[in-house]
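*Asks:* Please read through the structure below; I'll follow up with questions.
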Amino acid sequence: MLSEPRSGRLAAWGNALLAGLVSPDDAVLAIVGEDAVHRVEGLPGESAPVGLTLALGRLRALGVTGLRVALPASGHPLGLSGPPEFNTRALEAEEAVICYGVALGLVPEVYEAGPPGDVHVEVVWHCLPVREAPPADVPSLGEAERELAEALRDATAVLSRLDVAGSGPVAEAAVDAYRARAERGREVLAPGYPPRAVRVLELAQRVGLLVSVAYENGPGGAVSASEMGARAEALRPVERTARRAQVAAYNSVVEEREKGVR
């Protein structure tokens, strides 16, 4: 939850490109980020993997008018619509992009090579058929914002009860990292997204930060296996709410467009 999912970058900047708000070069630069290269494999009409610029152009030519995000987890197929083969791959990757207008989806596969500190990252997006159906369990922006406010209170209460909230240098480093990202990450959502979507995404990331601190910051006040289990149980619905809100933010442009068509 602390880092922006690759599917989020692809959907956000892909939507901006499809709307004519950014150039292909700017969109691809933002999508690739700190990775070395992204390619798309299995694209209709292509016998070999192609670069993102060609892939996005081909998707537009095929009739794709928008891109949605899915962030599924075990027992929670968030944003998915099937078929099972696609859902399985998306669950393994814990993310996917679903095309709007054409029944296709993209699932990333990440390859890393090189020594620590100089890791070379390549991403292959596998293009696969999807079922044309409403995505699973995705709230509206308004619903997501209301749920997040409650989730933030719940996460803070759990952290305080388990003696995690202000504990140690790991928690402090996590908060500092979040603030640094917030300062430079105002374009985490590309041009064309409403301010409310940006606000919801930032709040979702903050809730995700608190959940990650709770999971990663040692035992805190939970000194037994049962108490550690209780921490996970208490935080699971909070984490789910944050993921739902992330998806709602990334998908908001397409959802608004779909409402206008009805």
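Each chain of the structure tokens is named A, B, ... in the order shown, its residues numbered from 1; ligands are numbered from 1 in display order.
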Give me the residues near Val253 (chain A) as a VMD selection string, where near means some atom within 9 Å (using only C-alpha atoms) and where sequence neighbours in that chain fewer than 4 positions away do not count.

*Replies:* chain A and resid 12 15 66 to 68 192 to 194 197 249 257 to 258

*Asks:* Residues of region 6-151 of chain A in strand (DSSP E) according to DSSP, as number ranges by chain?

*Replies:* A: 37-41, 50-51, 66-70, 96-100, 104-113, 120-129

*Asks:* Excluding region 71-80 of chain A and residues on its chain fewer than 4 positions from it, collect all residues at most 10 Å away from it, counting only C-alpha atoms, and give them as an MDAnalysis selection string.

*Replies:* chainID A and resid 5 7:8 84 86:88 90:98 105 130:131 133:139 240 243:244 246:248 251

*Asks:* Mind checking DSSP for region 8-131 of chain A and telling me the helix (DSSP H, G or I) residues as number ranges by chain?

*Replies:* A: 8-18, 24-32, 52-62, 84-93

*Asks:* Of the candidates A:Gly33, A:Gly51, A:Gly45, A:Gly142, which one gets nearest to Arg199 (chain A) if we count only C-alpha atoms?

*Replies:* A:Gly142

*Asks:* Do a neighbour search on Ala61 (chain A) at 12 Å with only C-alpha atoms, toss out local chain neighbours closer than 3 positions, and write the hits as a list in words.

*Replies:* Leu18, Leu43, Pro44, Gly45, Leu54, Ala55, Leu56, Gly57, Arg58, Val64, Thr65, Gly101 and Val102 of chain A

*Asks:* For the selection just defined, write its residues with N, CA and C atoms to a file, as an mmCIF file, in the first residue's frame.

*Replies:*
data_model
loop_
_atom_site.group_PDB
_atom_site.id
_atom_site.type_symbol
_atom_site.label_atom_id
_atom_site.label_comp_id
_atom_site.auth_asym_id
_atom_site.auth_seq_id
_atom_site.Cartn_x
_atom_site.Cartn_y
_atom_site.Cartn_z
ATOM 1 N N LEU A 18 -5.454 8.541 -23.571
ATOM 2 C CA LEU A 18 -6.647 8.253 -24.361
ATOM 3 C C LEU A 18 -7.557 9.478 -24.476
ATOM 4 N N LEU A 43 -0.771 -8.910 -27.328
ATOM 5 C CA LEU A 43 -1.654 -7.895 -27.880
ATOM 6 C C LEU A 43 -2.222 -8.383 -29.210
ATOM 7 N N PRO A 44 -3.528 -8.269 -29.430
ATOM 8 C CA PRO A 44 -4.105 -8.697 -30.705
ATOM 9 C C PRO A 44 -3.402 -8.034 -31.894
ATOM 10 N N GLY A 45 -3.042 -8.853 -32.856
ATOM 11 C CA GLY A 45 -2.366 -8.334 -34.043
ATOM 12 C C GLY A 45 -0.868 -8.293 -33.950
ATOM 13 N N LEU A 54 3.548 1.733 -28.695
ATOM 14 C CA LEU A 54 2.802 1.001 -29.705
ATOM 15 C C LEU A 54 1.596 0.310 -29.100
ATOM 16 N N ALA A 55 1.767 -0.266 -27.916
ATOM 17 C CA ALA A 55 0.672 -0.999 -27.278
ATOM 18 C C ALA A 55 -0.512 -0.087 -26.974
ATOM 19 N N LEU A 56 -0.255 1.078 -26.419
ATOM 20 C CA LEU A 56 -1.345 1.994 -26.085
ATOM 21 C C LEU A 56 -2.044 2.488 -27.354
ATOM 22 N N GLY A 57 -1.262 2.737 -28.402
ATOM 23 C CA GLY A 57 -1.864 3.124 -29.670
ATOM 24 C C GLY A 57 -2.719 2.020 -30.256
ATOM 25 N N ARG A 58 -2.251 0.773 -30.137
ATOM 26 C CA ARG A 58 -3.016 -0.349 -30.665
ATOM 27 C C ARG A 58 -4.305 -0.548 -29.867
ATOM 28 N N VAL A 64 -10.449 0.674 -27.268
ATOM 29 C CA VAL A 64 -10.342 0.947 -25.833
ATOM 30 C C VAL A 64 -10.484 2.447 -25.597
ATOM 31 N N THR A 65 -11.397 2.833 -24.702
ATOM 32 C CA THR A 65 -11.607 4.250 -24.389
ATOM 33 C C THR A 65 -11.257 4.600 -22.951
ATOM 34 N N GLY A 101 -14.294 -0.744 -23.073
ATOM 35 C CA GLY A 101 -14.589 -0.623 -24.495
ATOM 36 C C GLY A 101 -14.222 -1.853 -25.279
ATOM 37 N N VAL A 102 -13.267 -2.636 -24.795
ATOM 38 C CA VAL A 102 -12.830 -3.883 -25.422
ATOM 39 C C VAL A 102 -12.550 -4.882 -24.305
#

*Asks:* Quick check, in Å to one decimal: how far apart do CA of Ala144 (chain A) and CA of Thr241 (chain A) lie?

*Replies:*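 The value is 7.6 Å.
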
*Asks:* I'd like to know which of A:Gly117, A:Arg39, A:Pro191, A:Val200 is closest to Leu21 (chain A), using only C-alpha atoms.

*Replies:* A:Pro191
